[in-house]
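J.: One file: work.pdb (PDB, C-alpha atoms, pLDDT in the B column).
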```
MODEL        1
ATOM      1  CA  MET M   1      98.618  83.524  94.400  1.00 79.00           C
ATOM      2  CA  PHE M   2     101.300  80.866  94.773  1.00 90.00           C
ATOM      3  CA  THR M   3     104.759  80.735  96.335  1.00 92.00           C
ATOM      4  CA  ASN M   4     107.418  78.748  94.482  1.00 91.00           C
ATOM      5  CA  ASN M   5     110.090  77.310  96.717  1.00 88.00           C
ATOM      6  CA  PHE M   6     110.734  74.013  94.928  1.00 91.00           C
ATOM      7  CA  ASP M   7     114.064  72.261  95.280  1.00 89.00           C
ATOM      8  CA  PRO M   8     115.698  71.983  91.812  1.00 87.00           C
ATOM      9  CA  VAL M   9     117.350  68.725  92.954  1.00 88.00           C
ATOM     10  CA  ALA M  10     115.044  65.760  92.370  1.00 87.00           C
ATOM     11  CA  ILE M  11     117.262  63.007  93.777  1.00 87.00           C
ATOM     12  CA  GLU M  12     120.377  63.240  95.936  1.00 85.00           C
ATOM     13  CA  LEU M  13     122.544  60.187  96.543  1.00 81.00           C
ATOM     14  CA  PHE M  14     125.551  60.975  98.709  1.00 78.00           C
ATOM     15  CA  SER M  15     127.340  63.703  96.692  1.00 78.00           C
ATOM     16  CA  LEU M  16     125.473  62.947  93.455  1.00 83.00           C
ATOM     17  CA  GLU M  17     122.659  65.340  92.563  1.00 83.00           C
ATOM     18  CA  ILE M  18     120.100  64.555  89.874  1.00 85.00           C
ATOM     19  CA  ARG M  19     118.174  67.689  88.949  1.00 85.00           C
ATOM     20  CA  TRP M  20     114.657  68.040  87.580  1.00 87.00           C
ATOM     21  CA  TYR M  21     116.088  69.744  84.488  1.00 84.00           C
ATOM     22  CA  SER M  22     118.154  66.676  83.608  1.00 86.00           C
ATOM     23  CA  LEU M  23     115.195  64.387  84.209  1.00 91.00           C
ATOM     24  CA  ALA M  24     113.053  66.605  81.967  1.00 91.00           C
ATOM     25  CA  TYR M  25     115.527  66.220  79.089  1.00 88.00           C
ATOM     26  CA  ILE M  26     115.686  62.462  79.598  1.00 91.00           C
ATOM     27  CA  ALA M  27     111.896  62.098  79.873  1.00 94.00           C
ATOM     28  CA  GLY M  28     111.278  64.242  76.784  1.00 93.00           C
ATOM     29  CA  ILE M  29     113.712  62.255  74.658  1.00 93.00           C
ATOM     30  CA  ILE M  30     112.526  58.826  75.837  1.00 95.00           C
ATOM     31  CA  VAL M  31     108.802  59.590  75.529  1.00 95.00           C
ATOM     32  CA  GLY M  32     109.309  61.261  72.153  1.00 94.00           C
ATOM     33  CA  TRP M  33     111.429  58.353  70.933  1.00 94.00           C
ATOM     34  CA  ILE M  34     108.922  55.682  71.979  1.00 94.00           C
ATOM     35  CA  THR M  35     105.921  57.659  70.731  1.00 95.00           C
ATOM     36  CA  SER M  36     107.581  58.224  67.363  1.00 94.00           C
ATOM     37  CA  LYS M  37     108.247  54.549  66.774  1.00 91.00           C
ATOM     38  CA  LYS M  38     104.931  53.293  68.132  1.00 90.00           C
ATOM     39  CA  ILE M  39     102.604  55.848  66.544  1.00 90.00           C
ATOM     40  CA  PHE M  40     104.034  58.362  64.093  1.00 92.00           C
ATOM     41  CA  ILE M  41     106.602  56.594  61.891  1.00 92.00           C
ATOM     42  CA  GLU M  42     104.822  54.809  59.085  1.00 86.00           C
ATOM     43  CA  ASN M  43     107.750  54.262  56.727  1.00 88.00           C
ATOM     44  CA  ASN M  44     109.690  51.083  57.542  1.00 90.00           C
ATOM     45  CA  GLN M  45     112.981  52.423  56.180  1.00 90.00           C
ATOM     46  CA  ILE M  46     112.813  55.434  58.498  1.00 93.00           C
ATOM     47  CA  LYS M  47     111.745  53.263  61.430  1.00 91.00           C
ATOM     48  CA  GLU M  48     114.740  50.948  60.936  1.00 91.00           C
ATOM     49  CA  LYS M  49     117.158  53.888  61.106  1.00 93.00           C
ATOM     50  CA  PHE M  50     115.379  55.866  63.801  1.00 94.00           C
ATOM     51  CA  ASP M  51     117.190  54.341  66.777  1.00 93.00           C
ATOM     52  CA  ASP M  52     120.543  55.345  65.285  1.00 94.00           C
ATOM     53  CA  TYR M  53     119.146  58.738  64.376  1.00 96.00           C
ATOM     54  CA  ILE M  54     118.120  59.502  67.976  1.00 95.00           C
ATOM     55  CA  THR M  55     121.772  59.451  69.055  1.00 94.00           C
ATOM     56  CA  TYR M  56     122.515  62.257  66.616  1.00 95.00           C
ATOM     57  CA  VAL M  57     119.412  64.160  67.726  1.00 96.00           C
ATOM     58  CA  ILE M  58     120.661  64.104  71.323  1.00 94.00           C
ATOM     59  CA  LEU M  59     124.047  65.429  70.211  1.00 95.00           C
ATOM     60  CA  GLY M  60     122.339  68.096  68.110  1.00 95.00           C
ATOM     61  CA  ILE M  61     120.233  69.232  71.062  1.00 94.00           C
ATOM     62  CA  ILE M  62     123.177  69.420  73.463  1.00 92.00           C
ATOM     63  CA  PHE M  63     125.761  71.051  71.205  1.00 94.00           C
ATOM     64  CA  GLY M  64     123.302  73.191  69.264  1.00 95.00           C
ATOM     65  CA  GLY M  65     121.494  74.300  72.407  1.00 93.00           C
ATOM     66  CA  ARG M  66     124.727  75.203  74.172  1.00 94.00           C
ATOM     67  CA  LEU M  67     126.352  76.984  71.245  1.00 95.00           C
ATOM     68  CA  GLY M  68     123.101  78.799  70.547  1.00 94.00           C
ATOM     69  CA  TYR M  69     123.049  80.129  74.101  1.00 94.00           C
ATOM     70  CA  VAL M  70     126.702  81.173  73.894  1.00 94.00           C
ATOM     71  CA  LEU M  71     126.284  82.973  70.560  1.00 93.00           C
ATOM     72  CA  PHE M  72     122.804  84.441  70.963  1.00 92.00           C
ATOM     73  CA  TYR M  73     122.593  85.246  74.652  1.00 92.00           C
ATOM     74  CA  ASN M  74     125.970  85.639  76.365  1.00 90.00           C
ATOM     75  CA  LEU M  75     128.784  85.907  73.820  1.00 91.00           C
ATOM     76  CA  ASP M  76     130.711  88.658  75.615  1.00 90.00           C
ATOM     77  CA  TYR M  77     130.970  86.614  78.796  1.00 91.00           C
ATOM     78  CA  TYR M  78     132.057  83.391  77.094  1.00 93.00           C
ATOM     79  CA  LEU M  79     134.663  85.137  74.957  1.00 92.00           C
ATOM     80  CA  LYS M  80     136.331  86.081  78.230  1.00 91.00           C
ATOM     81  CA  ASN M  81     135.663  82.711  79.883  1.00 90.00           C
ATOM     82  CA  LEU M  82     136.111  80.111  77.162  1.00 90.00           C
ATOM     83  CA  ILE M  83     136.380  77.161  79.529  1.00 91.00           C
ATOM     84  CA  ASP M  84     132.891  77.938  80.867  1.00 89.00           C
ATOM     85  CA  ILE M  85     131.402  77.069  77.483  1.00 90.00           C
ATOM     86  CA  PHE M  86     131.845  73.408  78.379  1.00 87.00           C
ATOM     87  CA  LYS M  87     130.179  73.721  81.813  1.00 81.00           C
ATOM     88  CA  VAL M  88     126.764  72.663  80.567  1.00 78.00           C
ATOM     89  CA  TRP M  89     125.753  71.532  84.058  1.00 71.00           C
ATOM     90  CA  GLU M  90     125.737  75.186  85.167  1.00 71.00           C
ATOM     91  CA  GLY M  91     122.843  75.920  82.800  1.00 74.00           C
ATOM     92  CA  GLY M  92     122.476  77.948  79.646  1.00 83.00           C
ATOM     93  CA  MET M  93     120.755  76.297  76.701  1.00 88.00           C
ATOM     94  CA  SER M  94     118.958  77.871  73.733  1.00 92.00           C
ATOM     95  CA  PHE M  95     115.889  76.160  72.300  1.00 92.00           C
ATOM     96  CA  HIS M  96     116.440  77.808  68.924  1.00 94.00           C
ATOM     97  CA  GLY M  97     120.056  76.661  68.978  1.00 95.00           C
ATOM     98  CA  GLY M  98     118.856  73.141  69.728  1.00 94.00           C
ATOM     99  CA  ILE M  99     116.583  73.267  66.667  1.00 96.00           C
ATOM    100  CA  LEU M 100     119.474  74.353  64.462  1.00 96.00           C
ATOM    101  CA  GLY M 101     121.607  71.559  65.899  1.00 96.00           C
ATOM    102  CA  ILE M 102     118.914  68.980  65.121  1.00 96.00           C
ATOM    103  CA  ILE M 103     118.541  70.315  61.574  1.00 97.00           C
ATOM    104  CA  LEU M 104     122.276  70.049  60.914  1.00 97.00           C
ATOM    105  CA  VAL M 105     122.666  66.485  62.211  1.00 97.00           C
ATOM    106  CA  THR M 106     119.480  65.437  60.404  1.00 97.00           C
ATOM    107  CA  VAL M 107     120.719  66.740  57.058  1.00 96.00           C
ATOM    108  CA  TRP M 108     123.993  64.864  57.549  1.00 96.00           C
ATOM    109  CA  PHE M 109     122.306  61.643  58.715  1.00 96.00           C
ATOM    110  CA  SER M 110     119.677  61.623  55.953  1.00 95.00           C
ATOM    111  CA  LYS M 111     122.229  62.251  53.210  1.00 94.00           C
ATOM    112  CA  LYS M 112     124.309  59.402  54.583  1.00 93.00           C
ATOM    113  CA  ASN M 113     121.281  57.098  54.282  1.00 92.00           C
ATOM    114  CA  ASN M 114     119.883  58.615  51.066  1.00 93.00           C
ATOM    115  CA  HIS M 115     116.675  59.773  52.771  1.00 94.00           C
ATOM    116  CA  ASN M 116     114.760  63.019  52.714  1.00 93.00           C
ATOM    117  CA  PRO M 117     115.751  64.952  55.878  1.00 95.00           C
ATOM    118  CA  PHE M 118     112.186  66.170  56.322  1.00 95.00           C
ATOM    119  CA  SER M 119     111.027  62.577  56.774  1.00 93.00           C
ATOM    120  CA  TYR M 120     112.951  62.700  60.055  1.00 96.00           C
ATOM    121  CA  LEU M 121     112.398  66.352  60.940  1.00 96.00           C
ATOM    122  CA  ASP M 122     108.620  66.042  60.602  1.00 96.00           C
ATOM    123  CA  ILE M 123     108.587  63.217  63.161  1.00 96.00           C
ATOM    124  CA  VAL M 124     110.790  65.209  65.532  1.00 96.00           C
ATOM    125  CA  ALA M 125     108.511  68.229  65.067  1.00 97.00           C
ATOM    126  CA  ILE M 126     105.426  66.249  66.119  1.00 96.00           C
ATOM    127  CA  VAL M 127     106.970  64.930  69.343  1.00 96.00           C
ATOM    128  CA  ALA M 128     109.054  68.026  70.188  1.00 96.00           C
ATOM    129  CA  PRO M 129     106.186  69.613  72.186  1.00 97.00           C
ATOM    130  CA  ILE M 130     106.410  66.684  74.598  1.00 96.00           C
ATOM    131  CA  GLY M 131     109.995  67.621  75.436  1.00 95.00           C
ATOM    132  CA  ILE M 132     109.106  71.316  75.525  1.00 96.00           C
ATOM    133  CA  PHE M 133     106.365  70.616  78.059  1.00 96.00           C
ATOM    134  CA  PHE M 134     108.689  68.714  80.396  1.00 95.00           C
ATOM    135  CA  GLY M 135     111.421  71.307  79.937  1.00 93.00           C
ATOM    136  CA  ARG M 136     109.212  74.279  80.812  1.00 95.00           C
ATOM    137  CA  ILE M 137     107.857  72.512  83.887  1.00 95.00           C
ATOM    138  CA  SER M 138     111.437  71.985  85.056  1.00 93.00           C
ATOM    139  CA  ASN M 139     112.158  75.687  84.358  1.00 93.00           C
ATOM    140  CA  PHE M 140     109.281  76.499  86.695  1.00 95.00           C
ATOM    141  CA  ILE M 141     110.634  74.182  89.395  1.00 94.00           C
ATOM    142  CA  ASN M 142     114.094  75.748  88.988  1.00 91.00           C
ATOM    143  CA  SER M 143     112.692  79.301  89.286  1.00 92.00           C
ATOM    144  CA  GLU M 144     114.256  80.284  85.957  1.00 91.00           C
ATOM    145  CA  LEU M 145     112.870  82.016  82.863  1.00 92.00           C
ATOM    146  CA  TYR M 146     110.337  83.594  85.203  1.00 95.00           C
ATOM    147  CA  GLY M 147     107.796  86.211  84.167  1.00 95.00           C
ATOM    148  CA  THR M 148     107.270  89.917  84.716  1.00 96.00           C
ATOM    149  CA  GLU M 149     105.407  91.361  87.686  1.00 96.00           C
ATOM    150  CA  THR M 150     101.655  90.785  87.880  1.00 96.00           C
ATOM    151  CA  ASN M 151      98.690  91.274  90.201  1.00 94.00           C
ATOM    152  CA  LEU M 152      96.695  88.463  88.630  1.00 95.00           C
ATOM    153  CA  PRO M 153      95.378  85.804  91.026  1.00 94.00           C
ATOM    154  CA  TRP M 154      97.647  83.132  89.527  1.00 95.00           C
ATOM    155  CA  GLY M 155     100.808  85.170  90.047  1.00 96.00           C
ATOM    156  CA  VAL M 156     103.753  83.290  91.525  1.00 96.00           C
ATOM    157  CA  LYS M 157     106.359  84.465  94.008  1.00 96.00           C
ATOM    158  CA  PHE M 158     109.702  82.835  93.236  1.00 95.00           C
ATOM    159  CA  ILE M 159     111.393  82.800  96.640  1.00 93.00           C
ATOM    160  CA  LYS M 160     114.819  82.192  95.122  1.00 90.00           C
ATOM    161  CA  ILE M 161     114.453  85.367  93.025  1.00 92.00           C
ATOM    162  CA  ASP M 162     112.643  88.047  95.032  1.00 91.00           C
ATOM    163  CA  GLU M 163     109.384  88.896  96.832  1.00 91.00           C
ATOM    164  CA  ILE M 164     107.516  89.988  93.683  1.00 95.00           C
ATOM    165  CA  TYR M 165     104.538  88.076  92.299  1.00 96.00           C
ATOM    166  CA  ARG M 166     105.235  87.262  88.670  1.00 96.00           C
ATOM    167  CA  HIS M 167     103.622  85.682  85.623  1.00 97.00           C
ATOM    168  CA  PRO M 168     104.394  81.935  85.611  1.00 97.00           C
ATOM    169  CA  SER M 169     105.631  82.326  82.040  1.00 97.00           C
ATOM    170  CA  GLN M 170     107.185  78.861  82.169  1.00 97.00           C
ATOM    171  CA  LEU M 171     103.716  77.369  82.625  1.00 97.00           C
ATOM    172  CA  TYR M 172     102.318  79.539  79.832  1.00 98.00           C
ATOM    173  CA  GLU M 173     104.971  78.077  77.543  1.00 98.00           C
ATOM    174  CA  ALA M 174     104.348  74.529  78.792  1.00 97.00           C
ATOM    175  CA  ILE M 175     100.652  74.917  77.915  1.00 98.00           C
ATOM    176  CA  PHE M 176     100.946  76.677  74.555  1.00 98.00           C
ATOM    177  CA  GLU M 177     104.308  75.449  73.186  1.00 97.00           C
ATOM    178  CA  GLY M 178     103.749  72.018  74.703  1.00 97.00           C
ATOM    179  CA  LEU M 179     100.154  70.839  75.008  1.00 97.00           C
ATOM    180  CA  ILE M 180      98.370  73.097  72.521  1.00 98.00           C
ATOM    181  CA  LEU M 181     101.114  72.877  69.887  1.00 98.00           C
ATOM    182  CA  PHE M 182     101.060  69.079  70.201  1.00 98.00           C
ATOM    183  CA  LEU M 183      97.305  69.014  69.570  1.00 97.00           C
ATOM    184  CA  ILE M 184      97.700  71.313  66.557  1.00 97.00           C
ATOM    185  CA  LEU M 185     100.345  69.040  65.038  1.00 97.00           C
ATOM    186  CA  LEU M 186      98.207  65.962  65.699  1.00 96.00           C
ATOM    187  CA  TYR M 187      95.356  67.643  63.823  1.00 96.00           C
ATOM    188  CA  PHE M 188      97.497  68.351  60.765  1.00 95.00           C
ATOM    189  CA  ARG M 189      99.004  64.882  60.918  1.00 94.00           C
ATOM    190  CA  LYS M 190      95.465  63.461  60.837  1.00 93.00           C
ATOM    191  CA  LYS M 191      94.848  65.614  57.734  1.00 91.00           C
ATOM    192  CA  GLY M 192      97.663  63.736  55.978  1.00 89.00           C
ATOM    193  CA  PHE M 193     100.315  66.443  56.106  1.00 88.00           C
ATOM    194  CA  LEU M 194     103.023  63.860  56.866  1.00 87.00           C
ATOM    195  CA  ASN M 195     102.613  62.753  53.256  1.00 86.00           C
ATOM    196  CA  ILE M 196     104.232  66.026  52.184  1.00 89.00           C
ATOM    197  CA  PRO M 197     107.689  65.992  53.825  1.00 91.00           C
ATOM    198  CA  GLY M 198     108.511  69.358  55.334  1.00 93.00           C
ATOM    199  CA  LYS M 199     105.016  70.674  55.834  1.00 94.00           C
ATOM    200  CA  ILE M 200     104.667  69.500  59.443  1.00 96.00           C
ATOM    201  CA  SER M 201     108.077  71.025  60.178  1.00 96.00           C
ATOM    202  CA  GLY M 202     106.873  74.327  58.742  1.00 96.00           C
ATOM    203  CA  ILE M 203     103.718  74.227  60.847  1.00 97.00           C
ATOM    204  CA  PHE M 204     105.777  73.505  63.960  1.00 97.00           C
ATOM    205  CA  LEU M 205     108.113  76.439  63.331  1.00 97.00           C
ATOM    206  CA  THR M 206     105.195  78.758  62.594  1.00 97.00           C
ATOM    207  CA  PHE M 207     103.035  78.035  65.629  1.00 98.00           C
ATOM    208  CA  TYR M 208     105.952  77.634  68.040  1.00 98.00           C
ATOM    209  CA  SER M 209     107.309  81.019  66.973  1.00 98.00           C
ATOM    210  CA  ILE M 210     103.921  82.715  67.371  1.00 98.00           C
ATOM    211  CA  PHE M 211     103.408  81.273  70.858  1.00 98.00           C
ATOM    212  CA  ARG M 212     106.978  82.069  71.928  1.00 97.00           C
ATOM    213  CA  PHE M 213     106.819  85.630  70.566  1.00 97.00           C
ATOM    214  CA  VAL M 214     103.584  86.439  72.433  1.00 97.00           C
ATOM    215  CA  ILE M 215     104.537  84.784  75.736  1.00 97.00           C
ATOM    216  CA  GLU M 216     107.869  86.630  75.789  1.00 96.00           C
ATOM    217  CA  PHE M 217     105.885  89.810  76.553  1.00 96.00           C
ATOM    218  CA  TYR M 218     105.083  88.220  79.924  1.00 96.00           C
ATOM    219  CA  ARG M 219     108.570  86.879  80.546  1.00 96.00           C
ATOM    220  CA  SER M 220     111.457  88.815  82.069  1.00 95.00           C
ATOM    221  CA  PRO M 221     114.226  89.454  79.521  1.00 93.00           C
ATOM    222  CA  ASP M 222     117.659  87.940  79.983  1.00 90.00           C
ATOM    223  CA  GLU M 223     119.529  90.081  82.507  1.00 87.00           C
ATOM    224  CA  GLN M 224     122.682  90.358  80.401  1.00 88.00           C
ATOM    225  CA  LEU M 225     120.748  91.500  77.317  1.00 91.00           C
ATOM    226  CA  GLY M 226     117.560  93.224  78.433  1.00 91.00           C
ATOM    227  CA  TYR M 227     115.300  94.536  75.695  1.00 94.00           C
ATOM    228  CA  LEU M 228     116.823  95.011  72.256  1.00 94.00           C
ATOM    229  CA  MET M 229     115.601  96.707  69.054  1.00 92.00           C
ATOM    230  CA  PHE M 230     111.955  97.779  69.006  1.00 93.00           C
ATOM    231  CA  GLY M 231     111.752  96.829  72.679  1.00 94.00           C
ATOM    232  CA  LEU M 232     111.844  93.123  71.835  1.00 96.00           C
ATOM    233  CA  THR M 233     113.826  90.353  73.517  1.00 95.00           C
ATOM    234  CA  MET M 234     116.413  88.177  71.836  1.00 95.00           C
ATOM    235  CA  GLY M 235     113.941  85.274  71.959  1.00 95.00           C
ATOM    236  CA  GLN M 236     111.365  87.345  70.085  1.00 96.00           C
ATOM    237  CA  LEU M 237     113.815  88.499  67.425  1.00 96.00           C
ATOM    238  CA  ILE M 238     114.956  84.933  66.758  1.00 96.00           C
ATOM    239  CA  SER M 239     111.326  83.772  66.762  1.00 97.00           C
ATOM    240  CA  ILE M 240     110.548  86.235  63.965  1.00 97.00           C
ATOM    241  CA  ILE M 241     113.246  84.626  61.819  1.00 96.00           C
ATOM    242  CA  PHE M 242     111.922  81.137  62.593  1.00 97.00           C
ATOM    243  CA  LEU M 243     108.352  82.275  61.914  1.00 97.00           C
ATOM    244  CA  ILE M 244     109.298  83.540  58.458  1.00 97.00           C
ATOM    245  CA  SER M 245     111.179  80.294  57.808  1.00 96.00           C
ATOM    246  CA  GLY M 246     108.176  78.218  58.888  1.00 96.00           C
ATOM    247  CA  ILE M 247     105.712  80.110  56.685  1.00 95.00           C
ATOM    248  CA  PHE M 248     108.098  79.922  53.730  1.00 94.00           C
ATOM    249  CA  LEU M 249     108.534  76.185  54.248  1.00 94.00           C
ATOM    250  CA  ILE M 250     104.773  75.591  54.328  1.00 92.00           C
ATOM    251  CA  PHE M 251     104.303  77.397  51.027  1.00 89.00           C
ATOM    252  CA  ILE M 252     107.167  75.793  49.122  1.00 88.00           C
ATOM    253  CA  LYS M 253     106.190  72.326  50.355  1.00 77.00           C
ATOM    254  CA  ASN M 254     102.501  72.766  49.697  1.00 72.00           C
ATOM    255  CA  GLU M 255     102.567  71.164  46.261  1.00 62.00           C
ATOM    256  CA  ILE M 256     105.873  69.352  46.421  1.00 60.00           C
ATOM    257  CA  LYS M 257     106.104  65.630  46.948  1.00 54.00           C
ATOM    258  CA  THR M 258     109.573  64.179  47.226  1.00 50.00           C
ATOM    259  CA  LYS M 259     111.184  60.863  47.989  1.00 47.00           C
ATOM    260  CA  ILE M 260     111.388  59.621  51.586  1.00 49.00           C
TER     261      ILE M 260
ENDMDL
END
```
Would you kindly transcribe this structure into C-alpha cells?
T.:
Amino acid sequence: MFTNNFDPVAIELFSLEIRWYSLAYIAGIIVGWITSKKIFIENNQIKEKFDDYITYVILGIIFGGRLGYVLFYNLDYYLKNLIDIFKVWEGGMSFHGGILGIILVTVWFSKKNNHNPFSYLDIVAIVAPIGIFFGRISNFINSELYGTETNLPWGVKFIKIDEIYRHPSQLYEAIFEGLILFLILLYFRKKGFLNIPGKISGIFLTFYSIFRFVIEFYRSPDEQLGYLMFGLTMGQLISIIFLISGIFLIFIKNEIKTKI
C-alpha cells in the first residue's frame, strides 16, 4: 500500500504558486496541439486553421468545464455565491462540461470557415486522452477525486483526506480514459475512420463513457451530491447520456460521407 502526501504546488517563486493541475492542462493542450498537426491532420485546409482553432478550444474547455461544474455539481452553492463562479483557481471543473464547451466553439468556428465541425472534433477526440491522462495524474497528486475504501495491495492513503486506504481511482482513469482509450482511437484511425467525419468522435464518446461509468463505482461521490437515482453518481448519469450520444453518432455516421 502507498501513502500519498504530494505537494500540489509544483513550482513556487516568491508568492507565485504554479500547481501541478495547471501544468497538466498546459501540457495536455500543447502535446495534443503538436501531435495533431504533426501526425493526425491530413487535410491542408484544416491544418491551416488549426492554430486559430486551438484558441477557441482552450476557451471552450475553461468556460464549458467551469459552467458544467457549476450547473451539474454545485448549483445550490453558486446560486448563493455568484462571485465564486469566477474563482476558477479554487478548483471545480467538469470534464463533460468541457466537452460541451468544445462542441459549441467548434460548431461556431467551423461554420465561420465553411468546414465540417467533425473534421475538427475528430482530431480533438484522438488527442483528448493525452490531456485526460495528464489531468488525472494531477488529480492524484492533488489528492482529489479519490476512490472508495479498499484492502487491495495497491490501496492509497491520502494524508490530506484521512487515514483510510482507498482505490487510486484517478490512476484507474488515467490508464483507461487516457492510455487505453488513446490506443483504441489509434486503432480505429488506422482503419480509416477519420475518412468518415464524426465516427471517431462517436467512438471517443462511447468508450470514454463506458470507462468513466465503471470506474465511478470505485470513486467516492461528490460530497455535496452523494449518490443519486438508482444509486449512481452524477458522473455516471451524465456518462449514460454521452454513451447514448456516442452510439447514435457512430450509427448515423456509418454510411455518411460529408464535406470537410
J.: Return as number ranges by chain the set of residues that the PyMOL selection byres ((chain M and resi 118) around 9) yields on the displayed structure.
T.: M: 106-107, 110, 115-117, 119-123, 196-201, 260
J.: Expand the PyMOL selection byres ((chain M and resi 35-50) around 12) into the explicit residue set it covers here, and present it as number ranges by chain.
T.: M: 27-34, 51-57, 106, 109-110, 112-128, 130-131, 185-186, 189-190, 192-195, 259-260
J.: Choose the residue, out of M:Asn4, M:Asn139, M:Ser239, M:Asn81, that has the smallest atom-to-atom separation from Glu163 in chain M; count all atoms listed in the file.
T.: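 Among the listed residues, M:Asn4 lies closest to Glu163 in chain M.
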J.: Taking the file as I've supplied it (selection: the PyMOL selection byres ((chain M and resi 72) around 10)), which residues are included? Please answer as a VMD selection string.
T.: chain M and resid 66 to 71 73 to 75 94 96 to 97 225 234 to 235 238
J.: Rank nothing, just name the residue among M:Phe86, M:Phe14, M:Tyr187, M:Tyr21 nearest to Ser138 in chain M, using only C-alpha atoms.
T.: M:Tyr21
J.: Excluding range 219-221 of chain M and its own-chain neighbours fewer than 6 positions away, which residues fall within 7 Å of it when counting all atoms listed in the file? Please give them as a list in words.
T.: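 Skipping anything fewer than 6 positions along the chain leaves Leu145, Tyr146, Gly147, Thr148, Ser169, Tyr227 and Thr233 of chain M.
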J.: What does the structure give for the distance between CA of Ile137 in chain M and CA of Ala10 in chain M, in Å to one decimal?
T.: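 CA of Ala10 in chain M lies at a distance of 13.0 Å from CA of Ile137 in chain M.
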J.: Could you complete range 92-105 of chain M so that it carries N, CA and C atoms, and give it back as a PDB file, keeping the file's coordinate frame?
T.:
```
ATOM      1  N   GLY M  92     122.233  77.120  80.816  1.00 83.00           N
ATOM      2  CA  GLY M  92     122.476  77.948  79.646  1.00 83.00           C
ATOM      3  C   GLY M  92     122.317  77.168  78.358  1.00 83.00           C
ATOM      4  N   MET M  93     121.059  76.996  77.947  1.00 88.00           N
ATOM      5  CA  MET M  93     120.755  76.297  76.701  1.00 88.00           C
ATOM      6  C   MET M  93     119.743  77.129  75.917  1.00 88.00           C
ATOM      7  N   SER M  94     119.879  77.138  74.608  1.00 92.00           N
ATOM      8  CA  SER M  94     118.958  77.871  73.733  1.00 92.00           C
ATOM      9  C   SER M  94     118.107  76.888  72.959  1.00 92.00           C
ATOM     10  N   PHE M  95     116.774  77.053  73.047  1.00 92.00           N
ATOM     11  CA  PHE M  95     115.889  76.160  72.300  1.00 92.00           C
ATOM     12  C   PHE M  95     116.111  76.327  70.798  1.00 92.00           C
ATOM     13  N   HIS M  96     116.226  77.568  70.351  1.00 94.00           N
ATOM     14  CA  HIS M  96     116.440  77.808  68.924  1.00 94.00           C
ATOM     15  C   HIS M  96     117.768  77.203  68.462  1.00 94.00           C
ATOM     16  N   GLY M  97     118.781  77.284  69.317  1.00 95.00           N
ATOM     17  CA  GLY M  97     120.056  76.661  68.978  1.00 95.00           C
ATOM     18  C   GLY M  97     119.921  75.156  68.884  1.00 95.00           C
ATOM     19  N   GLY M  98     119.102  74.577  69.778  1.00 94.00           N
ATOM     20  CA  GLY M  98     118.856  73.141  69.728  1.00 94.00           C
ATOM     21  C   GLY M  98     118.188  72.729  68.426  1.00 94.00           C
ATOM     22  N   ILE M  99     117.243  73.553  67.946  1.00 96.00           N
ATOM     23  CA  ILE M  99     116.583  73.267  66.667  1.00 96.00           C
ATOM     24  C   ILE M  99     117.599  73.268  65.527  1.00 96.00           C
ATOM     25  N   LEU M 100     118.455  74.280  65.522  1.00 96.00           N
ATOM     26  CA  LEU M 100     119.474  74.353  64.462  1.00 96.00           C
ATOM     27  C   LEU M 100     120.408  73.150  64.526  1.00 96.00           C
ATOM     28  N   GLY M 101     120.753  72.734  65.746  1.00 96.00           N
ATOM     29  CA  GLY M 101     121.607  71.559  65.899  1.00 96.00           C
ATOM     30  C   GLY M 101     120.946  70.312  65.360  1.00 96.00           C
ATOM     31  N   ILE M 102     119.653  70.141  65.632  1.00 96.00           N
ATOM     32  CA  ILE M 102     118.914  68.980  65.121  1.00 96.00           C
ATOM     33  C   ILE M 102     118.848  69.014  63.602  1.00 96.00           C
ATOM     34  N   ILE M 103     118.612  70.190  63.041  1.00 97.00           N
ATOM     35  CA  ILE M 103     118.541  70.315  61.574  1.00 97.00           C
ATOM     36  C   ILE M 103     119.860  69.893  60.933  1.00 97.00           C
ATOM     37  N   LEU M 104     120.963  70.364  61.494  1.00 97.00           N
ATOM     38  CA  LEU M 104     122.276  70.049  60.914  1.00 97.00           C
ATOM     39  C   LEU M 104     122.576  68.555  60.962  1.00 97.00           C
ATOM     40  N   VAL M 105     122.353  67.917  62.117  1.00 97.00           N
ATOM     41  CA  VAL M 105     122.666  66.485  62.211  1.00 97.00           C
ATOM     42  C   VAL M 105     121.692  65.667  61.365  1.00 97.00           C
TER      43      VAL M 105
END
```
